[in-house]
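Here is start_32.txt, consisting of compact mmCIF, C-alpha atoms:
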# COMPACT_ATOMS: atom_id res chain seq x y z
CA MET A 268 0.00 0.00 0.00
CA ALA A 269 2.87 2.35 0.71
CA VAL A 270 4.24 1.84 -2.78
CA VAL A 271 0.86 2.54 -4.35
CA SER A 272 0.46 5.67 -2.27
CA LEU A 273 3.81 6.97 -3.41
CA LEU A 274 3.03 6.20 -7.04
CA ASN A 275 -0.28 8.00 -6.81
CA GLN A 276 1.45 11.11 -5.52
CA ALA A 277 4.11 11.11 -8.26
CA PRO A 278 2.20 13.32 -10.73
CA TYR A 279 1.89 15.99 -8.07
CA ARG A 280 5.54 15.92 -6.95
CA ARG A 281 8.33 17.87 -8.57
CA THR A 282 11.72 19.03 -7.44
CA PHE A 283 12.46 22.62 -6.73
CA SER A 284 15.69 24.42 -7.46
CA SER A 285 17.64 26.11 -4.71
CA ARG A 286 16.48 29.48 -6.00
CA GLU A 287 12.79 28.55 -5.68
CA ARG A 288 13.31 27.21 -2.18
CA LEU A 289 15.17 30.34 -1.16
CA ASN A 290 12.40 32.55 -2.52
CA THR A 291 9.72 30.71 -0.61
CA GLU A 292 9.03 30.31 3.02
CA GLU A 293 7.95 27.05 4.49
CA GLY A 294 4.35 26.45 3.39
CA ASN A 295 3.96 29.27 0.83
CA GLU A 296 2.03 29.21 -2.44
CA LEU A 297 4.81 27.79 -4.62
CA TRP A 298 4.87 24.58 -2.64
CA THR A 299 1.14 24.21 -1.97
CA GLN A 300 0.32 24.60 -5.66
CA HIS A 301 1.91 21.23 -6.31
CA GLN A 302 0.53 19.40 -3.31
CA GLY A 303 -2.48 17.11 -3.51
CA GLU A 304 -5.97 18.50 -3.29
CA GLY A 305 -6.48 16.80 0.07
CA SER A 306 -3.85 18.89 1.75
CA LYS A 307 -5.31 20.94 4.58
CA ARG A 308 -2.21 23.09 5.03
CA THR A 309 -2.94 26.80 4.68
CA PRO A 310 -0.24 28.94 3.07
CA ARG A 311 1.33 31.85 4.87
CA PRO A 312 1.07 35.19 3.14
CA HIS A 313 4.25 35.98 1.24
CA PRO A 314 6.04 38.91 2.88
CA GLY A 315 7.25 40.25 -0.46
CA CYS A 316 10.81 40.68 -1.75
CA ARG A 317 12.42 44.05 -1.54
CA SER A 318 15.41 45.45 -3.36
CA ARG A 319 18.35 47.11 -1.65
CA THR A 320 16.60 50.47 -1.96
CA GLY A 321 13.48 49.08 -0.28
CA GLU A 322 11.38 48.83 -3.43
CA LEU A 323 8.74 46.07 -3.28
CA LEU A 324 9.30 43.58 -6.13
CA ASP A 325 6.80 41.45 -8.02
CA LEU A 326 6.10 38.09 -6.36
CA ARG A 327 6.85 36.34 -9.66
CA HIS A 328 10.36 37.71 -9.94
CA GLN A 329 13.20 35.16 -9.90
CA CYS A 330 15.94 36.35 -7.59
CA SER A 331 18.31 34.27 -5.51
CA LEU A 332 17.56 35.91 -2.17
CA GLU A 333 14.96 38.28 -0.86
CA THR A 334 17.38 41.15 -1.36
CA CYS A 335 18.29 40.02 -4.92
CA GLU A 336 21.99 40.06 -4.06
CA ARG A 337 23.25 36.74 -5.43
CA ILE A 338 24.34 36.36 -9.05
CA VAL A 339 24.79 33.15 -11.03
CA ILE A 340 27.33 33.09 -13.87
CA ASN A 341 27.38 30.30 -16.43
CA VAL A 342 30.66 30.07 -18.36
CA SER A 343 30.32 27.42 -21.07
CA GLY A 344 28.40 25.12 -18.73
CA GLN A 345 30.43 25.75 -15.57
CA TYR A 346 28.53 27.65 -12.88
CA PHE A 347 29.88 30.33 -10.59
CA GLU A 348 27.83 32.06 -7.91
CA THR A 349 28.75 35.11 -5.88
CA TRP A 350 27.37 38.26 -4.32
CA ARG A 351 26.55 41.24 -6.48
CA THR A 352 28.63 43.50 -4.27
CA THR A 353 31.66 41.25 -4.87
CA LEU A 354 31.49 41.94 -8.60
CA GLU A 355 30.70 45.63 -8.23
CA ARG A 356 33.89 46.22 -6.26
CA HIS A 357 35.36 46.45 -9.75
CA PRO A 358 32.84 48.79 -11.46
CA ASP A 359 34.96 49.38 -14.57
CA THR A 360 34.93 45.73 -15.59
CA LEU A 361 32.32 43.86 -17.61
CA LEU A 362 30.90 41.90 -14.67
CA GLY A 363 31.18 44.79 -12.25
CA ASP A 364 29.04 47.15 -14.35
CA PRO A 365 25.32 46.17 -14.30
CA SER A 366 24.63 47.91 -17.60
CA LYS A 367 27.47 46.05 -19.35
CA ARG A 368 26.66 42.59 -18.05
CA HIS A 369 22.90 42.99 -18.59
CA LYS A 370 23.05 41.96 -22.26
CA PHE A 371 24.42 38.54 -21.20
CA PHE A 372 21.49 37.86 -18.83
CA ASP A 373 19.29 34.84 -19.57
CA LYS A 374 15.79 35.60 -18.20
CA ASP A 375 14.55 32.05 -18.59
CA LYS A 376 17.32 30.56 -16.47
CA ASN A 377 17.97 33.65 -14.35
CA GLU A 378 21.72 33.57 -14.99
CA TYR A 379 24.44 35.33 -16.89
CA PHE A 380 25.75 33.18 -19.71
CA PHE A 381 29.19 33.58 -21.31
CA ASP A 382 30.46 31.29 -24.05
CA ARG A 383 34.08 31.85 -23.05
CA HIS A 384 37.19 29.94 -21.93
CA ARG A 385 36.40 28.19 -18.65
CA PRO A 386 39.95 27.64 -17.23
CA THR A 387 40.71 31.32 -17.72
CA PHE A 388 37.52 32.41 -15.96
CA ASP A 389 38.62 30.47 -12.87
CA ALA A 390 41.47 32.95 -12.45
CA ILE A 391 39.23 35.94 -13.25
CA PHE A 392 36.61 34.79 -10.75
CA HIS A 393 39.24 34.43 -8.02
CA TYR A 394 40.40 37.95 -8.85
CA TYR A 395 36.89 39.25 -8.20
CA LEU A 396 36.67 37.31 -4.94
CA TYR A 397 40.07 38.10 -3.44
CA GLY A 398 41.54 40.95 -5.50
CA GLY A 399 45.31 41.20 -5.65
CA ARG A 400 47.21 40.09 -8.71
CA LEU A 401 46.03 38.01 -11.62
CA LYS A 402 47.65 34.61 -11.93
CA ARG A 403 47.51 32.70 -15.20
CA PRO A 404 46.67 28.99 -14.79
CA PRO A 405 49.62 26.89 -16.06
CA PRO A 406 47.72 25.09 -18.88
CA VAL A 407 46.34 28.33 -20.35
CA PRO A 408 48.41 29.95 -23.15
CA ASP A 409 49.30 33.61 -22.80
CA ASP A 410 47.39 34.84 -25.84
CA ILE A 411 44.13 33.17 -24.76
CA PHE A 412 44.48 34.51 -21.22
CA LEU A 413 45.10 38.05 -22.45
CA SER A 414 42.15 37.89 -24.87
CA GLU A 415 39.85 36.80 -22.04
CA LEU A 416 41.11 39.63 -19.83
CA ASP A 417 40.34 42.01 -22.66
CA PHE A 418 36.82 40.57 -23.12
CA PHE A 419 35.92 40.88 -19.43
CA GLU A 420 37.46 44.39 -19.43
CA ILE A 421 39.73 43.84 -16.45
CA GLU A 422 41.35 47.08 -15.27
CA LYS A 423 44.28 48.20 -17.44
CA GLU A 424 46.64 48.69 -14.52
CA VAL A 425 45.96 45.13 -13.31
CA VAL A 426 46.60 43.72 -16.79
CA GLU A 427 49.80 45.74 -17.09
CA GLU A 428 50.98 44.43 -13.74
CA TYR A 429 50.24 40.89 -14.91
CA ARG A 430 52.17 41.48 -18.13
CA ARG A 431 55.18 42.74 -16.17
CA ASP A 432 55.06 39.70 -13.88
CA GLU A 433 54.87 37.41 -16.90
CA GLY A 434 57.91 38.98 -18.53
CA TYR A 435 56.29 41.15 -21.18
CA VAL A 436 58.40 44.17 -22.07
CA ALA A 437 56.43 47.29 -22.93
CA GLU A 438 58.25 49.09 -25.72
CA LYS A 439 56.83 52.53 -26.37
CA MET A 440 57.80 53.95 -29.73
CA VAL A 441 58.39 57.68 -29.15
CA LEU A 442 58.83 59.43 -32.50
CA PRO A 443 59.81 62.98 -33.45
CA LYS A 444 57.06 65.22 -34.79
CA LYS A 445 58.78 66.35 -38.02
CA GLY A 446 58.49 64.03 -41.01
CA LEU A 447 62.12 63.82 -42.16
CA GLN A 448 63.41 63.71 -38.60
CA ARG A 449 60.94 60.91 -37.83
CA ARG A 450 62.02 58.83 -40.84
CA ILE A 451 65.71 59.17 -39.95
CA TRP A 452 65.04 58.28 -36.30
CA MET A 453 63.06 55.18 -37.26
CA THR A 454 65.81 54.14 -39.67
CA MET A 455 68.52 54.45 -37.03
CA GLU A 456 66.55 53.11 -34.04
CA TYR A 457 64.09 50.47 -35.30
CA PRO A 458 65.63 47.92 -37.70
CA ASP A 459 62.30 46.26 -38.53
CA THR A 460 60.68 49.40 -39.98
CA SER A 461 62.35 49.33 -43.41
CA MET A 462 64.96 47.56 -45.52
CA LEU A 463 67.40 50.47 -45.13
CA ALA A 464 67.05 50.33 -41.34
CA TYR A 465 67.69 46.59 -41.41
CA VAL A 466 70.84 47.04 -43.54
CA ILE A 467 72.18 49.75 -41.20
CA ALA A 468 71.56 47.46 -38.21
CA ILE A 469 73.49 44.62 -39.92
CA VAL A 470 76.40 46.96 -40.69
CA SER A 471 76.39 48.19 -37.08
CA VAL A 472 76.63 44.61 -35.80
CA ILE A 473 79.48 43.77 -38.21
CA VAL A 474 81.45 46.90 -37.26
CA THR A 475 80.92 46.23 -33.54
CA VAL A 476 82.14 42.64 -33.83
CA LEU A 477 85.13 43.78 -35.92
CA SER A 478 86.16 46.40 -33.35
CA ILE A 479 85.97 43.87 -30.51
CA ALA A 480 88.02 41.38 -32.53
CA LEU A 481 90.65 44.06 -33.22
CA PHE A 482 90.83 44.89 -29.52
CA CYS A 483 91.59 41.25 -28.72
CA VAL A 484 93.93 40.43 -31.63
CA GLU A 485 96.16 43.50 -31.29
CA THR A 486 97.30 42.28 -27.85
CA LEU A 487 99.03 39.23 -29.35
CA PRO A 488 102.85 39.39 -28.91
CA GLN A 489 103.59 39.18 -32.65
CA PHE A 490 101.54 42.34 -33.29
CA THR A 491 102.66 44.40 -30.29
CA ASN A 492 105.91 45.67 -31.85
CA GLU A 493 104.17 46.79 -35.05
CA HIS A 494 102.20 49.49 -33.26
CA CYS A 495 105.20 51.29 -31.86
CA VAL A 496 108.82 51.35 -32.98
CA GLU A 497 111.22 52.57 -30.30
CA GLY A 498 112.47 56.11 -30.86
CA GLN A 499 110.03 56.83 -33.72
CA LYS A 500 106.73 58.63 -34.02
CA PRO A 501 103.48 56.66 -33.83
CA ASN A 502 102.76 54.55 -36.91
CA PHE A 503 99.49 55.90 -38.29
CA GLY A 504 99.70 53.44 -41.19
CA ASP A 505 99.31 50.47 -38.86
CA PRO A 506 96.40 48.30 -40.14
CA PHE A 507 94.99 48.02 -36.63
CA PHE A 508 94.95 51.80 -36.25
CA VAL A 509 93.32 52.26 -39.68
CA LEU A 510 90.60 49.71 -38.98
CA GLU A 511 90.00 51.13 -35.52
CA THR A 512 89.67 54.61 -37.06
CA ILE A 513 87.10 53.36 -39.57
CA CYS A 514 85.08 51.64 -36.85
CA THR A 515 85.18 54.69 -34.58
CA ALA A 516 84.18 56.97 -37.47
CA PHE A 517 81.11 54.82 -38.08
CA PHE A 518 80.18 54.83 -34.39
CA THR A 519 80.67 58.60 -34.23
CA PHE A 520 78.49 59.17 -37.28
CA GLU A 521 75.81 56.90 -35.81
CA VAL A 522 75.79 58.70 -32.46
CA LEU A 523 75.72 62.19 -33.98
CA ILE A 524 72.83 61.38 -36.30
CA ARG A 525 70.81 59.86 -33.46
CA VAL A 526 71.52 62.83 -31.18
CA ILE A 527 70.36 65.28 -33.86
CA VAL A 528 67.09 63.53 -34.75
CA CYS A 529 66.12 62.09 -31.33
CA PRO A 530 62.69 63.22 -30.03
CA SER A 531 64.03 64.13 -26.54
CA LYS A 532 67.64 65.01 -25.80
CA LYS A 533 67.11 64.54 -22.06
CA LYS A 534 65.72 61.02 -22.39
CA PHE A 535 68.36 60.19 -24.97
CA VAL A 536 71.19 60.99 -22.57
CA LYS A 537 69.58 58.97 -19.75
CA ASP A 538 69.27 55.83 -21.87
CA PHE A 539 71.91 53.22 -20.97
CA LYS A 540 72.38 52.11 -24.59
CA ASN A 541 73.19 55.66 -25.64
CA LEU A 542 75.68 56.02 -22.79
CA VAL A 543 77.36 52.89 -24.14
CA ASP A 544 77.56 54.51 -27.57
CA PHE A 545 79.26 57.61 -26.12
CA THR A 546 81.65 55.54 -24.03
CA ALA A 547 82.62 53.47 -27.05
CA VAL A 548 83.98 56.45 -29.00
CA VAL A 549 85.47 58.70 -26.29
CA PRO A 550 88.57 56.51 -25.53
CA TYR A 551 89.68 56.59 -29.17
CA TYR A 552 89.67 60.40 -29.36
CA VAL A 553 91.42 60.79 -25.99
CA THR A 554 94.13 58.33 -27.07
CA LEU A 555 94.45 60.01 -30.50
CA PHE A 556 94.85 63.46 -28.93
CA ASN A 557 97.53 62.15 -26.57
CA THR A 558 99.31 60.47 -29.48
CA LEU A 559 99.31 63.60 -31.64
CA SER A 560 100.61 65.72 -28.78
CA SER A 561 103.48 63.30 -27.97
CA THR A 562 106.87 63.23 -29.63
CA ASN A 563 107.16 59.44 -29.73
CA CYS A 564 104.95 56.41 -29.36
CA GLU A 565 106.45 55.37 -26.00
CA ASN A 566 105.14 58.54 -24.33
CA ALA A 567 101.79 58.15 -26.09
CA GLY A 568 101.13 54.74 -24.59
CA SER A 569 102.86 55.06 -21.25
CA SER A 570 99.97 56.53 -19.30
CA ALA A 571 98.10 54.03 -17.12
CA SER A 572 94.90 56.04 -17.47
CA LEU A 573 95.10 55.71 -21.27
CA ALA A 574 95.57 51.98 -20.89
CA PHE A 575 92.39 51.93 -18.85
CA LEU A 576 90.60 53.91 -21.56
CA ARG A 577 91.57 51.25 -24.08
CA VAL A 578 89.89 48.67 -21.86
CA ILE A 579 86.74 50.78 -21.81
CA ARG A 580 86.49 50.21 -25.56
CA LEU A 581 85.26 46.75 -24.68
CA VAL A 582 81.89 48.23 -23.64
CA ARG A 583 81.09 48.19 -27.35
CA ILE A 584 79.94 44.65 -26.84
CA PHE A 585 76.84 46.11 -25.16
CA LYS A 586 75.95 47.77 -28.46
CA LEU A 587 74.93 44.30 -29.60
CA THR A 588 72.03 44.32 -27.11
CA LYS A 589 70.07 46.55 -29.49
CA HIS A 590 70.13 43.89 -32.18
CA SER A 591 70.44 40.64 -30.21
CA ALA A 592 67.28 39.17 -28.64
CA GLY A 593 69.43 36.74 -26.62
CA LEU A 594 71.40 39.51 -24.91
CA GLN A 595 68.17 41.42 -24.24
CA VAL A 596 66.71 38.32 -22.59
CA LEU A 597 69.79 37.97 -20.38
CA ILE A 598 69.67 41.60 -19.27
CA LEU A 599 65.94 41.46 -18.56
CA THR A 600 66.41 38.19 -16.66
CA PHE A 601 69.04 39.64 -14.34
CA LYS A 602 66.97 42.78 -13.79
CA ALA A 603 63.91 40.72 -12.86
CA SER A 604 66.02 38.41 -10.66
CA PHE A 605 67.61 41.26 -8.72
CA GLY A 606 65.72 40.41 -5.52
CA GLY A 607 66.78 36.76 -5.65
CA LEU A 608 70.37 37.72 -6.38
CA CYS A 609 70.41 40.08 -3.40
CA LEU A 610 69.11 37.26 -1.19
CA PHE A 611 71.89 35.04 -2.52
CA LEU A 612 74.56 37.66 -1.82
CA VAL A 613 73.29 38.18 1.75
CA ALA A 614 73.38 34.43 2.41
CA LEU A 615 76.84 34.21 0.84
CA VAL A 616 78.26 37.05 2.93
CA VAL A 617 76.84 35.58 6.15
CA CYS A 618 78.33 32.17 5.37
CA ILE A 619 81.70 33.70 4.50
CA LEU A 620 81.83 35.57 7.81
CA VAL A 621 80.80 32.51 9.80
CA PHE A 622 83.15 29.99 8.16
CA SER A 623 86.14 32.33 7.89
CA SER A 624 85.90 33.09 11.61
CA ALA A 625 85.37 29.44 12.48
CA VAL A 626 88.32 28.17 10.42
CA TYR A 627 90.60 30.90 11.81
CA PHE A 628 89.96 29.95 15.43
CA ALA A 629 90.16 26.24 14.52
CA GLU A 630 93.56 26.75 12.89
CA VAL A 631 95.07 29.02 15.55
CA GLY A 632 98.15 27.34 17.00
CA THR A 633 98.16 24.56 14.41
CA PRO A 634 101.66 23.98 12.97
CA GLY A 635 101.87 24.99 9.32
CA SER A 636 98.55 26.87 9.37
CA GLN A 637 97.96 28.95 6.24
CA ILE A 638 95.09 31.03 7.67
CA ASN A 639 96.67 33.67 9.88
CA SER A 640 93.71 36.06 10.17
CA ILE A 641 90.00 36.25 9.53
CA PRO A 642 90.54 38.30 6.30
CA ASP A 643 92.72 35.41 5.10
CA GLY A 644 89.74 33.21 5.85
CA PHE A 645 87.52 35.40 3.61
CA TRP A 646 89.47 34.32 0.53
CA TRP A 647 89.48 30.68 1.58
CA ALA A 648 85.72 30.74 2.33
CA ILE A 649 84.68 32.34 -0.97
CA ILE A 650 86.84 29.95 -2.98
CA THR A 651 85.50 26.96 -1.06
CA MET A 652 81.82 28.00 -1.18
CA THR A 653 81.91 28.66 -4.92
CA THR A 654 83.57 25.24 -5.44
CA VAL A 655 86.51 26.82 -7.30
CA GLY A 656 89.12 25.31 -5.02
CA TYR A 657 92.41 26.92 -6.07
CA GLY A 658 94.20 25.13 -3.24
CA ASP A 659 96.49 28.06 -2.42
CA VAL A 660 94.98 28.34 1.10
CA VAL A 661 93.77 25.19 2.88
CA PRO A 662 93.13 24.15 6.48
CA VAL A 663 95.65 21.64 7.81
CA GLY A 664 94.15 20.62 11.18
CA PRO A 665 91.40 17.98 11.57
CA LEU A 666 88.90 20.49 12.96
CA GLY A 667 89.74 22.94 10.17
CA LYS A 668 89.17 20.23 7.56
CA LEU A 669 85.79 19.42 9.14
CA ILE A 670 84.82 23.10 8.93
CA GLY A 671 86.07 23.17 5.32
CA MET A 672 83.82 20.22 4.45
CA THR A 673 80.83 21.96 6.03
CA CYS A 674 81.72 25.18 4.21
CA ALA A 675 81.74 23.38 0.85
CA LEU A 676 78.34 21.78 1.50
CA ALA A 677 76.87 25.11 2.62
CA GLY A 678 78.26 26.73 -0.52
CA VAL A 679 76.50 24.22 -2.78
CA LEU A 680 73.19 24.87 -1.01
CA THR A 681 73.69 28.63 -1.11
CA LEU A 682 74.47 28.60 -4.83
CA ALA A 683 71.17 26.78 -5.41
CA ILE A 684 69.12 29.72 -4.03
CA PRO A 685 69.00 31.95 -7.14
CA VAL A 686 68.94 29.16 -9.74
CA PRO A 687 65.14 28.53 -9.78
CA ILE A 688 64.41 32.27 -9.75
CA ILE A 689 66.76 33.02 -12.64
CA THR A 690 65.54 29.99 -14.60
CA GLU A 691 61.88 30.96 -14.21
CA ASN A 692 62.49 34.56 -15.27
CA PHE A 693 64.63 33.46 -18.20
CA ASN A 694 61.93 31.07 -19.44
CA LYS A 695 59.29 33.81 -19.25
CA PHE A 696 61.34 36.41 -21.11
CA TYR A 697 62.58 33.89 -23.66
CA ALA A 698 59.04 32.66 -24.37
CA HIS A 699 57.67 36.16 -24.88
CA LYS A 700 60.67 37.41 -26.85
CA THR A 701 60.60 34.49 -29.27
CA GLY A 702 56.81 34.08 -29.35
CA ARG A 703 56.95 30.54 -28.02
CA GLY A 704 54.49 31.26 -25.23
CA ARG A 705 51.61 31.43 -27.72
CA LEU A 706 49.59 28.87 -29.59

Kindly transcribe the structure held in the file into structure tokens.
Amino acid sequence: MAVVSLLNQAPYRRTFSSRERLNTEEGNELWTQHQGEGSKRTPRPHPGCRSRTGELLDLRHQCSLETCERIVINVSGQYFETWRTTLERHPDTLLGDPSKRHKFFDKDKNEYFFDRHRPTFDAIFHYYLYGGRLKRPPPVPDDIFLSELDFFEIEKEVVEEYRRDEGYVAEKMVLPKKGLQRRIWMTMEYPDTSMLAYVIAIVSVIVTVLSIALFCVETLPQFTNEHCVEGQKPNFGDPFFVLETICTAFFTFEVLIRVIVCPSKKKFVKDFKNLVDFTAVVPYYVTLFNTLSSTNCENAGSSASLAFLRVIRLVRIFKLTKHSAGLQVLILTFKASFGGLCLFLVALVVCILVFSSAVYFAEVGTPGSQINSIPDGFWWAIITMTTVGYGDVVPVGPLGKLIGMTCALAGVLTLAIPVPIITENFNKFYAHKTGRGRL
């Protein structure tokens, strides 16, 4: 009989969604409409739903709570539910602006429907809930994530912060206002703007590599005597001098043209790459002036300061950073890893102080000890921790050797601190610079 009774009631039974149950009190009309005719239960009068402003709403409206504060979001079949005030903490975004999100509202299902990328919306939804920074889920490619951020109109400053964290480099092209000046600046500064600009960039790379090669080759013993003959004036016909003059003339011409046509002289001087260009040509002219004012080549090359200026010519290698994506990635990686490198240096200095002091006091009074002071221990500690191991300074006592073993192990662990940080930053910059982070 119980089974029959249940079967007889089946046509009058139906399930109610959570929204319907929330909108109804126990025993109201919505439930009694679907009960059997024999039910003697009398419904309570519905108190009426009111909006936040106190406005009385229609009894047939479909809201989640009596205050209509809960919002359901359907993203390609995956449901998210949150408070309206949570979304409207970000009023400039698509979900935070009621007028913008209204066109995605489904009246039949009382939900907002978006046919968008579900894994990406997980991160966007958490951003609405907790704020802070956006974090891209690992399986989601960069281009898809950025397109979804653009669709949901996430704040520009938040997106820019995400791009910086991900390794994107914002390159703003600042151009002069005058037409001819603008064309010359683009030709000298941006190699991908025209064929002439690309050719000039290739020539600049070749000349830079040639000047660095000359700097290295001219120090060979078989070429040293050709630059300067004792008791004679400087040899201006020396092939190394001629080639160096040609290279410096090209660098000088390049710098002067860029200074003349640059959009802002102040910003031009502050740029590190331009400082490298100036530094690359100044040593040649200082050395040339000293040579012309000297009576013989021995006096021209005897100054230690001039020898240092010749070493400064090696900064020309940084000119390659303008045309080499690999060098740009390295520089950006070290800049982004500055915090991790500082942590590594602090740990290294602390370990050096500890182990140099420990090995000094362990070796005091030991016959044949090579560590006579704590500063002597600094050199031993840095060589041991970096696993170089020259062997010029070593502990000789058993306790000193035990400390040396501990120092070597601590050095290996300390060196491991910045490796994951540098590797992660390098992978990010390399992926974005080469386009391998996209589909």

Practice item. Measuring atom to atom with all atoms listed in the file, identify which of A:Leu559, A:Ile579, A:Val655, A:Glu521 is nearest to Thr546 in chain A. Key: A:Ile579

Check your understanding: Near Ala480 in chain A, within 12 Å and counting all atoms listed in the file, which residues show up once chain neighbours fewer than 4 positions away are dropped, as JSON, numbers by chain?
Key -> {"A": [473, 474, 475, 476, 484, 485, 486, 487, 507, 510, 511, 514, 580, 581, 583, 584]}

Check your understanding: Counting only C-alpha atoms, which of A:Ile513, A:Ala675, A:Leu463, A:Val621 gets nearest to Arg450 in chain A?
Key -> A:Leu463

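The coordinates place CA of Ser471 in chain A at 14.3 Å from CA of Asp459 in chain A.
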
Please determine an axis-aligned box that encloses all atoms of range 465-478 of chain A listed in the file, with 5 Å added on each side, and express its centre and edge lengths in Å to one decimal as AutoDock Vina command-line options.
--center_x 76.9 --center_y 46.2 --center_z -38.4 --size_x 28.5 --size_y 17.1 --size_z 20.2

Practice item. State, in Å with one decimal place, the distance from CA of Met652 in chain A to CA of Ser623 in chain A. Key: 10.9 Å

Check your understanding: Which neighbours of range 342-347 of chain A fall inside 12 Å, counting all atoms listed in the file, when residues of the same chain fewer than 3 positions from it are skipped, and could you give them as a list in words?
Key -> Arg337, Ile338, Val339, Trp350, Leu354, Phe371, Glu378, Tyr379, Phe380, Phe381, Asp382, Arg383, His384, Arg385, Pro386, Thr387, Phe388, Asp389, Ile391, Phe392, His393, Tyr395, Leu396 and Glu415 of chain A

Check your understanding: Neighbours of Leu680 in chain A within 12 Å (all atoms listed in the file; same-chain residues fewer than 6 positions away dropped), as number ranges by chain?
Key -> A: 611, 614-615, 618, 652-654, 673-674, 686

What would the file be for range 591-605 of chain A if you keep C-alpha atoms and write it as an mmCIF file, in the first residue's frame?
data_model
loop_
_atom_site.group_PDB
_atom_site.id
_atom_site.type_symbol
_atom_site.label_atom_id
_atom_site.label_comp_id
_atom_site.auth_asym_id
_atom_site.auth_seq_id
_atom_site.Cartn_x
_atom_site.Cartn_y
_atom_site.Cartn_z
ATOM 1 C CA SER A 591 70.436 40.636 -30.211
ATOM 2 C CA ALA A 592 67.284 39.172 -28.636
ATOM 3 C CA GLY A 593 69.432 36.743 -26.624
ATOM 4 C CA LEU A 594 71.396 39.512 -24.909
ATOM 5 C CA GLN A 595 68.173 41.417 -24.241
ATOM 6 C CA VAL A 596 66.705 38.321 -22.587
ATOM 7 C CA LEU A 597 69.792 37.974 -20.379
ATOM 8 C CA ILE A 598 69.673 41.600 -19.266
ATOM 9 C CA LEU A 599 65.941 41.459 -18.560
ATOM 10 C CA THR A 600 66.406 38.191 -16.660
ATOM 11 C CA PHE A 601 69.040 39.636 -14.336
ATOM 12 C CA LYS A 602 66.973 42.782 -13.788
ATOM 13 C CA ALA A 603 63.906 40.716 -12.860
ATOM 14 C CA SER A 604 66.020 38.413 -10.656
ATOM 15 C CA PHE A 605 67.607 41.261 -8.723
#
